[in-house]
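Here is the file final-v9.txt (compact mmCIF, C-alpha atoms).
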```txt
# COMPACT_ATOMS: atom_id res chain seq x y z
CA MET Y 2 67.68 79.26 106.94
CA SER Y 3 71.40 78.88 106.60
CA LYS Y 4 71.61 75.49 104.82
CA LEU Y 5 72.16 75.52 101.07
CA SER Y 6 69.89 72.50 100.58
CA LEU Y 7 66.99 74.27 102.31
CA LYS Y 8 67.59 77.48 100.36
CA ILE Y 9 67.70 75.72 96.99
CA SER Y 10 64.59 73.68 97.78
CA LEU Y 11 62.61 76.68 98.99
CA TYR Y 12 63.69 78.92 96.09
CA TYR Y 13 62.90 76.19 93.58
CA LEU Y 14 59.55 75.34 95.19
CA PHE Y 15 58.55 79.00 95.59
CA GLY Y 16 59.60 79.96 92.05
CA ILE Y 17 57.96 77.02 90.29
CA THR Y 18 54.82 77.35 92.41
CA ILE Y 19 54.43 81.02 91.53
CA ILE Y 20 54.94 80.28 87.82
CA LEU Y 21 52.45 77.40 87.86
CA VAL Y 22 49.83 79.33 89.82
CA VAL Y 23 50.07 82.31 87.46
CA CYS Y 24 49.94 80.04 84.39
CA LEU Y 25 46.99 78.04 85.71
CA PHE Y 26 45.15 81.23 86.66
CA ILE Y 27 45.65 82.77 83.22
CA MET Y 28 44.77 79.53 81.43
CA HIS Y 29 41.66 79.06 83.57
CA ASN Y 30 40.40 82.57 82.83
CA LEU Y 31 41.10 82.16 79.11
CA LEU Y 32 39.22 78.85 78.97
CA VAL Y 33 36.28 80.24 80.95
CA ASP Y 34 36.06 83.30 78.71
CA GLN Y 35 36.34 81.10 75.64
CA GLN Y 36 33.53 78.82 76.82
CA VAL Y 37 31.25 81.75 77.65
CA ASN Y 38 32.00 83.47 74.33
CA ASN Y 39 31.27 80.23 72.46
CA LYS Y 40 27.95 79.94 74.27
CA LEU Y 41 27.03 83.53 73.46
CA GLU Y 42 28.13 83.14 69.84
CA ASN Y 43 26.11 79.94 69.36
CA LEU Y 44 23.14 81.55 71.09
CA HIS Y 45 23.32 84.58 68.79
CA GLN Y 46 23.68 82.40 65.67
CA ARG Y 47 20.62 80.40 66.70
CA GLY Y 48 18.68 83.64 67.12
CA ASP Y 49 19.87 84.84 63.69
CA SER Y 50 18.53 81.61 62.13
CA HIS Y 51 15.12 82.19 63.65
CA ARG Y 52 15.28 85.85 62.64
CA ASP Y 53 15.94 84.90 59.00
CA VAL Y 54 12.91 82.62 58.97
CA LEU Y 55 10.67 85.20 60.59
CA SER Y 56 11.91 87.95 58.26
CA GLU Y 57 10.44 86.00 55.32
CA SER Y 58 7.14 85.18 57.02
CA MET Y 59 6.02 86.79 60.26
CA ASP Y 60 2.69 84.90 60.52
CA GLN Y 61 1.46 83.04 63.60
CA GLN Y 62 2.16 79.62 62.07
CA THR Y 63 5.84 80.46 61.57
CA ILE Y 64 6.04 81.95 65.05
CA ASP Y 65 4.53 78.78 66.58
CA HIS Y 66 6.95 76.66 64.58
CA VAL Y 67 9.97 78.60 65.91
CA VAL Y 68 8.62 78.39 69.47
CA MET Y 69 8.04 74.65 69.14
CA MET Y 70 11.63 74.15 67.96
CA GLU Y 71 12.92 75.69 71.20
CA GLU Y 72 10.48 73.87 73.55
CA LYS Y 73 12.71 70.79 73.73
CA ALA Y 74 16.03 72.58 73.36
CA MET Y 75 18.42 73.80 76.05
CA THR Y 76 17.68 77.34 75.00
CA ASP Y 77 14.49 79.43 74.95
CA VAL Y 78 13.19 82.00 72.52
CA VAL Y 79 11.04 85.10 72.93
CA ILE Y 80 9.66 86.69 69.74
CA ILE Y 81 8.80 90.39 69.87
CA ASN Y 82 6.60 91.83 67.11
CA LYS Y 83 7.03 95.23 65.53
CA ASN Y 84 4.65 96.72 68.12
CA GLY Y 85 6.99 95.68 70.91
CA GLN Y 86 4.64 92.97 72.18
CA VAL Y 87 5.47 89.32 72.85
CA ALA Y 88 4.27 87.33 69.86
CA GLY Y 89 5.51 83.96 71.15
CA ALA Y 90 7.73 82.40 73.79
CA SER Y 91 8.98 78.90 74.62
CA ASN Y 92 8.53 77.59 78.16
CA GLN Y 93 7.18 80.94 79.38
CA ALA Y 94 10.58 82.48 78.71
CA ASP Y 95 8.95 85.89 78.41
CA GLU Y 96 8.66 85.90 82.20
CA HIS Y 97 12.45 86.15 82.40
CA LEU Y 98 12.84 89.15 80.13
CA SER Y 99 14.74 92.01 81.66
CA GLU Y 100 13.60 95.56 81.24
CA GLY Y 101 15.17 97.22 78.23
CA TRP Y 102 16.00 94.07 76.26
CA GLU Y 103 13.29 94.88 73.72
CA ILE Y 104 15.08 98.08 72.72
CA THR Y 105 18.65 96.85 72.92
CA GLU Y 106 20.67 96.88 69.76
CA GLU Y 107 21.42 93.59 68.07
CA GLY Y 108 24.03 91.44 69.73
CA VAL Y 109 24.66 90.16 73.25
CA ALA Y 110 22.16 91.47 75.77
CA GLU Y 111 23.42 89.64 78.89
CA ASP Y 112 26.79 87.92 79.49
CA ASP Y 113 27.07 87.96 83.31
CA TRP Y 114 27.05 84.20 83.85
CA ARG Y 115 28.16 84.46 87.47
CA ASN Y 116 25.31 86.62 88.82
CA GLU Y 117 22.42 86.49 86.29
CA PRO Y 118 20.14 83.47 85.68
CA PHE Y 119 20.29 83.72 81.85
CA LEU Y 120 22.62 84.58 79.01
CA ALA Y 121 20.76 86.55 76.34
CA SER Y 122 21.22 87.68 72.73
CA ILE Y 123 19.02 89.78 70.45
CA SER Y 124 18.55 89.42 66.68
CA LEU Y 125 16.55 92.24 65.01
CA ILE Y 126 13.87 91.22 62.46
CA ASP Y 127 13.62 93.12 59.19
CA GLY Y 128 10.53 95.29 59.25
CA GLY Y 129 10.43 95.49 63.07
CA GLY Y 130 10.52 93.18 66.03
CA SER Y 131 13.26 90.98 67.41
CA VAL Y 132 14.20 87.45 68.43
CA ILE Y 133 15.53 87.17 72.01
CA MET Y 134 17.40 83.97 72.81
CA LEU Y 135 17.90 82.85 76.41
CA GLU Y 136 20.16 80.15 77.87
CA PRO Y 137 20.27 79.38 81.62
CA THR Y 138 23.62 80.26 83.19
CA ALA Y 139 23.31 77.13 85.35
CA GLN Y 140 24.57 75.17 82.36
CA VAL Y 141 27.57 77.44 82.00
CA GLN Y 142 28.25 77.28 85.74
CA SER Y 143 28.09 73.47 85.63
CA LEU Y 144 30.57 73.46 82.76
CA ILE Y 145 32.87 75.85 84.61
CA SER Y 146 32.58 73.71 87.75
CA LYS Y 147 33.78 70.67 85.79
CA LEU Y 148 36.59 72.77 84.37
CA ASN Y 149 37.58 73.83 87.91
CA ARG Y 150 37.73 70.20 89.01
CA HIS Y 151 39.98 69.40 86.08
CA PHE Y 152 42.25 72.28 87.00
CA LEU Y 153 42.32 71.12 90.62
CA ILE Y 154 43.39 67.66 89.52
CA ALA Y 155 46.04 69.24 87.29
CA ALA Y 156 47.28 71.33 90.22
CA LEU Y 157 47.54 68.24 92.44
CA LEU Y 158 49.46 66.38 89.74
CA LEU Y 159 51.78 69.36 89.34
CA GLY Y 160 52.24 69.43 93.12
CA CYS Y 161 53.24 65.76 93.05
CA PHE Y 162 55.62 66.57 90.20
CA LEU Y 163 57.18 69.36 92.27
CA VAL Y 164 57.71 67.04 95.24
CA LEU Y 165 59.29 64.38 93.01
CA SER Y 166 61.44 66.96 91.25
CA LEU Y 167 62.62 68.27 94.63
CA TYR Y 168 63.57 64.74 95.59
CA PHE Y 169 65.56 64.26 92.39
CA LEU Y 170 67.10 67.72 92.78
CA SER Y 171 68.18 66.76 96.28
CA HIS Y 172 69.50 63.40 95.09
CA LEU Y 173 71.40 64.76 92.09
CA ILE Y 174 72.76 68.05 93.44
CA ILE Y 175 72.14 68.69 97.12
CA LYS Y 176 73.00 65.23 98.45
CA PRO Y 177 76.42 65.18 96.71
CA LEU Y 178 77.12 68.69 98.02
CA LEU Y 179 76.28 67.56 101.56
CA SER Y 180 78.58 64.59 101.09
CA ILE Y 181 81.37 66.90 99.96
CA ARG Y 182 80.70 69.21 102.92
CA LEU Y 183 81.01 66.31 105.37
CA ALA Y 184 84.21 65.20 103.67
CA ALA Y 185 85.59 68.74 103.87
CA GLY Y 186 84.79 68.76 107.60
CA LYS Y 187 86.89 65.63 108.05
CA LEU Y 188 89.59 67.27 105.95
CA SER Y 189 89.76 70.17 108.41
CA GLU Y 190 90.37 67.61 111.17
CA GLY Y 191 93.45 66.34 109.36
CA LEU Y 192 91.92 63.08 108.14
CA VAL Y 193 92.64 61.54 104.74
CA ILE Y 194 89.40 61.44 102.76
CA THR Y 195 88.08 60.13 99.47
CA VAL Y 196 84.92 61.92 98.34
CA PRO Y 197 82.40 59.37 96.93
CA GLU Y 198 81.44 61.65 94.01
CA THR Y 199 84.87 61.39 92.31
CA LYS Y 200 83.45 59.06 89.61
CA ARG Y 201 81.00 61.67 88.35
CA SER Y 202 81.90 63.43 85.10
CA ASP Y 203 80.23 66.77 85.86
CA GLU Y 204 81.35 69.80 87.89
CA ILE Y 205 80.53 68.08 91.19
CA GLY Y 206 82.84 65.22 90.21
CA GLU Y 207 85.61 67.69 89.40
CA LEU Y 208 85.14 69.36 92.81
CA ALA Y 209 85.19 65.97 94.56
CA ARG Y 210 88.42 64.95 92.80
CA ALA Y 211 90.04 68.30 93.66
CA ILE Y 212 89.14 67.91 97.35
CA THR Y 213 90.41 64.32 97.38
CA LYS Y 214 93.72 65.46 95.89
CA ILE Y 215 93.99 68.32 98.41
CA SER Y 216 93.39 65.79 101.18
CA GLY Y 217 96.26 63.62 100.02
CA ASP Y 218 98.59 66.60 99.62
CA LEU Y 219 97.73 67.98 103.05
CA HIS Y 220 98.25 64.60 104.67
CA GLN Y 221 101.69 64.34 103.11
CA ILE Y 222 102.55 67.88 104.26
CA GLN Y 223 101.35 67.09 107.78
CA ARG Y 224 103.42 63.92 107.93
CA THR Y 225 106.49 65.79 106.72
CA ARG Y 226 105.93 68.63 109.20
CA LYS Y 227 105.39 66.28 112.13
CA ALA Y 228 108.50 64.29 111.23
CA PHE Y 229 110.52 67.50 110.98
CA LEU Y 230 109.13 68.82 114.26
CA THR Y 231 109.96 65.61 116.08
CA SER Y 232 113.43 65.39 114.52
CA ILE Y 233 114.43 68.99 115.19
CA ALA Y 234 113.17 68.81 118.77
CA HIS Y 235 115.22 65.64 119.41
CA GLU Y 236 118.34 67.04 117.74
CA LEU Y 237 118.27 70.32 119.66
CA ARG Y 238 117.65 68.94 123.15
CA THR Y 239 121.20 67.66 123.70
CA PRO Y 240 123.19 70.72 122.50
CA ILE Y 241 120.96 73.16 124.33
CA THR Y 242 121.44 71.15 127.52
CA TYR Y 243 125.21 71.59 127.16
CA ILE Y 244 124.87 75.29 126.41
CA LYS Y 245 122.63 75.76 129.44
CA GLY Y 246 125.08 73.84 131.66
CA TYR Y 247 128.15 75.82 130.62
CA ALA Y 248 126.21 79.10 130.78
CA GLY Y 249 125.38 78.22 134.37
CA LEU Y 250 129.10 78.08 135.13
CA PHE Y 251 129.60 81.56 133.64
CA LYS Y 252 126.68 82.82 135.71
CA LYS Y 253 128.26 81.54 138.94
CA GLU Y 254 131.34 83.60 138.14
CA ASP Y 255 129.15 86.76 138.11
CA SER Y 256 129.63 87.17 134.37
CA ALA Y 257 127.05 89.49 132.77
CA TYR Y 258 127.47 87.65 129.50
CA GLY Y 259 127.07 84.33 131.27
CA GLU Y 260 123.78 85.46 132.81
CA ILE Y 261 122.47 86.60 129.42
CA ILE Y 262 123.53 83.33 127.80
CA TYR Y 263 121.97 81.32 130.62
CA ASP Y 264 118.63 83.20 130.45
CA GLU Y 265 118.42 82.85 126.69
CA SER Y 266 119.40 79.19 126.77
CA GLN Y 267 116.74 78.60 129.40
CA ARG Y 268 114.16 80.20 127.13
CA LEU Y 269 115.41 78.14 124.21
CA HIS Y 270 115.24 75.00 126.35
CA LYS Y 271 111.62 75.81 127.22
CA LEU Y 272 110.80 76.36 123.53
CA ILE Y 273 112.37 73.03 122.54
CA GLU Y 274 110.48 71.20 125.29
CA ASP Y 275 107.24 72.78 124.04
CA LEU Y 276 108.09 71.73 120.48
CA PHE Y 277 108.80 68.21 121.65
CA GLU Y 278 105.55 68.10 123.60
CA LEU Y 279 103.60 69.42 120.63
CA ALA Y 280 105.20 66.83 118.34
CA ARG Y 281 104.17 64.05 120.71
CA LEU Y 282 100.63 65.41 120.92
CA GLU Y 283 100.28 65.61 117.13
CA GLU Y 284 101.61 62.11 116.62
CA HIS Y 285 99.30 60.81 119.37
CA SER Y 286 102.32 59.06 120.88
CA PHE Y 287 101.36 60.41 124.30
CA THR Y 288 98.82 58.62 126.45
CA ILE Y 289 95.87 59.99 128.38
CA GLU Y 290 95.49 58.26 131.72
CA PRO Y 291 92.12 59.49 132.99
CA GLU Y 292 91.06 59.10 136.58
CA ARG Y 293 87.89 60.19 138.32
CA THR Y 294 88.65 63.68 139.62
CA GLU Y 295 86.63 66.15 141.66
CA MET Y 296 87.02 69.17 139.37
CA THR Y 297 86.21 72.02 141.79
CA SER Y 298 88.91 71.15 144.31
CA PHE Y 299 91.30 70.23 141.48
CA ILE Y 300 91.02 73.71 139.88
CA MET Y 301 91.18 75.43 143.27
CA GLY Y 302 94.40 73.55 144.06
CA ILE Y 303 96.01 74.85 140.86
CA THR Y 304 94.97 78.46 141.56
CA GLU Y 305 96.31 78.28 145.11
CA ARG Y 306 99.73 77.23 143.82
CA LEU Y 307 99.77 80.13 141.33
CA GLN Y 308 98.32 82.73 143.70
CA LEU Y 309 101.75 84.01 144.74
CA VAL Y 310 102.78 84.74 141.12
CA PHE Y 311 99.60 86.78 140.59
CA ASN Y 312 100.12 88.63 143.87
CA GLU Y 313 103.62 89.64 142.81
CA LYS Y 314 102.19 91.32 139.72
CA GLN Y 315 99.32 92.80 141.82
CA ILE Y 316 96.64 90.98 139.83
CA HIS Y 317 93.55 89.79 141.71
CA LEU Y 318 92.93 86.09 141.06
CA LEU Y 319 89.34 85.10 141.82
CA ILE Y 320 87.64 81.72 141.49
CA HIS Y 321 83.89 81.10 141.36
CA ALA Y 322 83.03 77.44 141.80
CA SER Y 323 79.69 75.68 141.85
CA ILE Y 324 78.90 72.43 143.64
CA PRO Y 325 81.52 69.65 143.46
CA PHE Y 326 81.40 67.43 140.36
CA TYR Y 327 83.52 64.69 138.85
CA LYS Y 328 85.16 64.16 135.46
CA GLN Y 329 87.51 61.54 134.02
CA ILE Y 330 90.73 63.49 133.32
CA ASP Y 331 94.47 62.99 133.18
CA GLN Y 332 95.35 65.27 136.09
CA ARG Y 333 98.91 66.00 134.95
CA ARG Y 334 97.82 66.88 131.42
CA PHE Y 335 94.79 68.87 132.47
CA GLU Y 336 96.85 70.82 134.99
CA GLN Y 337 99.10 71.73 132.06
CA VAL Y 338 96.06 73.15 130.24
CA ILE Y 339 94.94 75.30 133.18
CA THR Y 340 98.49 76.45 133.89
CA ASN Y 341 99.07 77.47 130.27
CA LEU Y 342 95.82 79.47 130.20
CA MET Y 343 96.54 81.20 133.52
CA ASP Y 344 100.09 81.99 132.41
CA ASN Y 345 98.67 83.55 129.24
CA SER Y 346 96.28 85.70 131.31
CA LEU Y 347 99.10 86.70 133.64
CA LYS Y 348 101.18 88.01 130.71
CA TYR Y 349 98.50 90.26 129.25
CA THR Y 350 96.57 91.47 132.31
CA PRO Y 351 97.78 94.84 133.66
CA SER Y 352 98.56 95.32 137.36
CA GLY Y 353 95.54 96.18 139.46
CA LYS Y 354 93.16 94.24 137.22
CA LYS Y 355 91.40 90.90 137.80
CA VAL Y 356 91.58 87.38 136.44
CA GLN Y 357 88.53 85.25 137.21
CA ILE Y 358 87.93 81.53 136.88
CA ALA Y 359 84.32 80.26 136.83
CA VAL Y 360 83.91 76.50 137.26
CA THR Y 361 80.62 74.74 136.49
CA LYS Y 362 79.66 71.16 135.56
CA GLU Y 363 79.68 72.08 131.85
CA GLN Y 364 82.41 74.70 131.48
CA ILE Y 365 85.56 76.22 132.89
CA VAL Y 366 85.76 79.90 131.93
CA LEU Y 367 88.91 81.94 132.53
CA THR Y 368 88.35 85.69 132.04
CA ASP Y 369 90.99 88.40 132.20
CA GLU Y 370 90.87 92.19 131.95
CA GLY Y 371 93.59 92.50 129.35
CA PRO Y 372 93.45 94.13 125.90
CA GLY Y 373 91.48 91.29 124.32
CA VAL Y 374 91.98 90.03 120.79
CA LYS Y 375 90.72 91.33 117.45
CA GLU Y 376 87.64 89.44 116.29
CA ASP Y 377 89.27 88.33 113.04
CA ALA Y 378 92.15 86.81 115.05
CA LEU Y 379 90.01 84.73 117.43
CA PRO Y 380 89.67 81.68 115.13
CA PHE Y 381 93.48 81.40 114.88
CA LEU Y 382 94.31 81.94 118.56
CA PHE Y 383 94.94 78.23 119.20
CA ASP Y 384 96.94 77.62 116.03
CA ARG Y 385 100.56 76.58 116.43
CA PHE Y 386 103.03 79.49 116.59
CA TYR Y 387 100.23 82.03 116.04
CA ARG Y 388 100.79 85.37 117.76
CA VAL Y 389 98.15 88.07 117.68
CA ASP Y 390 100.66 90.92 117.81
CA THR Y 391 103.96 90.08 116.14
CA SER Y 392 105.43 93.35 117.42
CA ARG Y 393 105.34 92.16 121.05
CA ASN Y 394 108.77 91.52 122.49
CA ARG Y 395 109.98 88.05 123.32
CA LYS Y 396 109.63 88.60 127.06
CA THR Y 397 105.86 88.98 126.98
CA GLY Y 398 104.96 87.41 123.66
CA GLY Y 399 105.75 83.75 124.43
CA THR Y 400 106.30 81.13 121.74
CA GLY Y 401 102.75 80.73 120.49
CA ILE Y 402 102.72 77.04 121.46
CA GLY Y 403 101.06 77.05 124.89
CA LEU Y 404 97.51 77.56 123.63
CA ALA Y 405 98.03 74.99 120.85
CA ILE Y 406 99.10 72.42 123.47
CA ALA Y 407 96.09 73.32 125.63
CA LYS Y 408 93.80 72.74 122.64
CA GLU Y 409 95.34 69.35 121.79
CA ILE Y 410 95.06 68.09 125.38
CA THR Y 411 91.49 69.36 125.81
CA GLU Y 412 90.32 67.72 122.60
CA ALA Y 413 92.12 64.48 123.55
CA HIS Y 414 89.85 64.39 126.63
CA GLY Y 415 86.75 64.89 124.45
CA GLY Y 416 86.29 68.56 125.34
CA LYS Y 417 86.38 71.77 123.31
CA ILE Y 418 88.13 75.09 123.83
CA TRP Y 419 87.59 78.52 122.32
CA ALA Y 420 88.10 82.23 123.03
CA GLU Y 421 85.60 85.09 123.28
CA ASN Y 422 86.01 88.84 123.70
CA THR Y 423 84.08 90.22 126.68
CA GLY Y 424 84.39 93.95 125.99
CA SER Y 425 86.75 94.38 128.94
CA GLY Y 426 89.11 91.50 128.23
CA LEU Y 427 89.28 87.94 126.92
CA SER Y 428 87.52 84.75 128.02
CA ILE Y 429 88.88 81.28 127.36
CA VAL Y 430 86.12 78.67 127.55
CA ILE Y 431 86.77 74.96 128.15
CA ASP Y 432 83.64 72.97 127.32
CA LEU Y 433 83.43 69.83 129.47
CA LYS Y 434 80.24 68.32 127.98
CA GLY Y 435 82.20 65.75 125.99
CA VAL Y 436 84.45 64.75 128.91
CA SER Y 437 83.41 61.54 130.64
CA SER Y 438 82.08 61.85 134.18
```

Spell out the structure here as structure tokens.
Amino acid sequence: MSKLSLKISLYYLFGITIILVVCLFIMHNLLVDQQVNNKLENLHQRGDSHRDVLSESMDQQTIDHVVMMEEKAMTDVVIINKNGQVAGASNQADEHLSEGWEITEEGVAEDDWRNEPFLASISLIDGGGSVIMLEPTAQVQSLISKLNRHFLIAALLLGCFLVLSLYFLSHLIIKPLLSIRLAAGKLSEGLVITVPETKRSDEIGELARAITKISGDLHQIQRTRKAFLTSIAHELRTPITYIKGYAGLFKKEDSAYGEIIYDESQRLHKLIEDLFELARLEEHSFTIEPERTEMTSFIMGITERLQLVFNEKQIHLLIHASIPFYKQIDQRRFEQVITNLMDNSLKYTPSGKKVQIAVTKEQIVLTDEGPGVKEDALPFLFDRFYRVDTSRNRKTGGTGIGLAIAKEITEAHGGKIWAENTGSGLSIVIDLKGVSS
């Protein structure tokens, strides 16, 4: 559950659902209690009315009159005389009397509408006796059942409201954020973007306008940097060629200074060529000329040519290849990628250790037994001029361009490249899934 849209939706849905369920539960219980209390109050008031009549005249005619009034009503009455005997009852209600009701104090005698068949109240008659009023709980249960159906309908309507509100939440907040995220992804690829939400006047609009401005600024910086890189590489190639040529003459005369100048000029020439190559890659002025290539034999051919260099440093170079398979690659460019990676492993792998290349239809994995790279440095390993350890000397540290060139060429073929620590060294992975077969 790593997406912001999913988190917001779930938090919103969960929070509102809990609030609504608790509110509906409390409201339902309050309404049920109110309905039951109203029933009991009305029942007791009706009993008090009969009690008042009987208190004035407790003769049989009055008793029969009270009983007759309840015969057609929804309630029943049981009249107890001062001797504790049933003096009258409507609809044989005396058969439903519970033991002890005759001696209960005035008020509600039974309020358990869920489990008992009747609600009951008692009104005491002056001079002795009582009026017991009964009302079937089936009526209350029917009323509560209707109330439950109404609450169920309300819950369904609230559920529909939640779904619609989630849709509008997604449309108003989450969808623009996803649009900005996609635009930011294109921004990281060096593309010029215009976020659609720039016309909004809220915070999302401000964020969209800021990202659009950053995109324009970065594009201008990239154009300036590329132009500078190309210009400086062109301007330096000619003078360094002269320096290298004249230093070669000093070297032939067995001059120690001439040899130093020649070696350094050769390194500078290599750096300038790398800069020039990188400038061409960034400007996409180079061309990829893919041809159908059997990858297993192609990689094995490169390792055979470099085997002698590894042997001189006493590093074991091993290759593990699966069945032959084909990919559309520019052989010269892709050989440059493999050579750069192997040269990098050669620099940082101690003598006596191993460098292994595993070739499958989906990946080429080059693993060394060097010191590895800090985890926080891995994402920047293929950045231009990035060096993990700036304290390394120039002889082993390189220029920091080789891996950047390897990344540009790999991505130009449709592949991907990344680095992983193995615990005993570093693995460089070339993903071939996006490379045409």

Problem set entry | Two-atom distance - atom CA of Y:Ala90, atom CA of Y:Ser56 (Å) |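 Atom CA of Y:Ser56 lies at a distance of 17.0 Å from atom CA of Y:Ala90.
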
Exercise. Given the choices Y:Glu42, Y:Asp384, Y:Asp432, Y:Asp95, which gets closest to Y:Val68 if the distance is worked out from all atoms listed in the file?
Worked result: Y:Asp95

Problem set entry | Counting all atoms listed in the file, the residue of Y:Ile145, Y:Val37, Y:Ala156, Y:Met59 that sits nearest Y:Gly128 |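 Nearest candidate to Y:Gly128 out of Y:Ile145, Y:Val37, Y:Ala156, Y:Met59: Y:Met59.
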
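A straight line drawn from atom CA of Y:Pro177 to atom CA of Y:Thr213 is 14.0 Å long.
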
Distance query Y:Ile17 at most 10 Å, only C-alpha atoms, self and fewer than 6 positions along chain excluded, as a PDB file with C-alpha atoms, keeping the file's coordinate frame:
```
ATOM      1  CA  LEU Y  11      62.610  76.680  98.990  1.00  0.00           C
ATOM      2  CA  VAL Y  23      50.070  82.310  87.460  1.00  0.00           C
ATOM      3  CA  LEU Y 159      51.780  69.360  89.340  1.00  0.00           C
ATOM      4  CA  GLY Y 160      52.240  69.430  93.120  1.00  0.00           C
ATOM      5  CA  LEU Y 163      57.180  69.360  92.270  1.00  0.00           C
TER       6      LEU Y 163
END
```

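Shortest separation to Y:Val338 among Y:Leu25, Y:Ile181, Y:Ile429, Y:Ile123 occurs at residue Y:Ile429, atoms counted being only C-alpha atoms.
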
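For the pair atom CA of Y:Thr361 and atom CA of Y:Ser323, the separation is 5.5 Å.
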
For this session: Could you give me, as a PyMOL selection string, the residues within 10 Å of Y:Asp369, counting all atoms listed in the file and dropping anything in the same chain fewer than 4 positions from it?
Result: chain Y and resi 316-318+343+345-347+349-351+354-358+373+422-423+425-429

Exercise. Got a sec: who's within 8 Å of Y:Val436, counting only C-alpha atoms, leaving out chain neighbours fewer than 3 positions off, as an NGL selection string?
Worked result: :Y and (328-330 or 414-416 or 433)

For this session: For each of Y:Ile320, Y:Ala248, Y:Ile19, Y:Ile402, take the minimum atom-to-atom distance to Y:Phe277, counting all atoms listed in the file, then give the residue where this is smallest.
Result: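 Distance minimum relative to Y:Phe277 lands on Y:Ile402.
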
For this session: Tell me which protein, DNA and RNA residues are within 10 Å of Y:Ile64, counting only C-alpha atoms, leaving out same-chain ones fewer than 4 positions away, and put them as a list in words.
Result: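 Near neighbours after the sequence-gap exclusion: His51, Val54, Leu55, Ser58, Met59, Asp60, Val68, Met69, Val79, Ile80, Ala88, Gly89 and Ala90 of chain Y.
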
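For the set Y:Leu382, Y:Ile431, Y:Ala228, Y:Ala155, the residue with the smallest atom-to-atom gap to Y:Thr368 is Y:Ile431, counting all atoms listed in the file.
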
Problem set entry | Nearby residues, (8.3, 92.0, 72.9) file frame, 12 Å, only C-alpha atoms, as an MDAnalysis selection string | chainID Y and resid 78:90 94:105 123 125:126 129:133

Problem set entry | Top pick for closest residue to Y:Lys8, considering Y:Leu135, Y:Ile175, Y:Leu269, Y:Leu120 and counting all atoms listed in the file | Y:Ile175
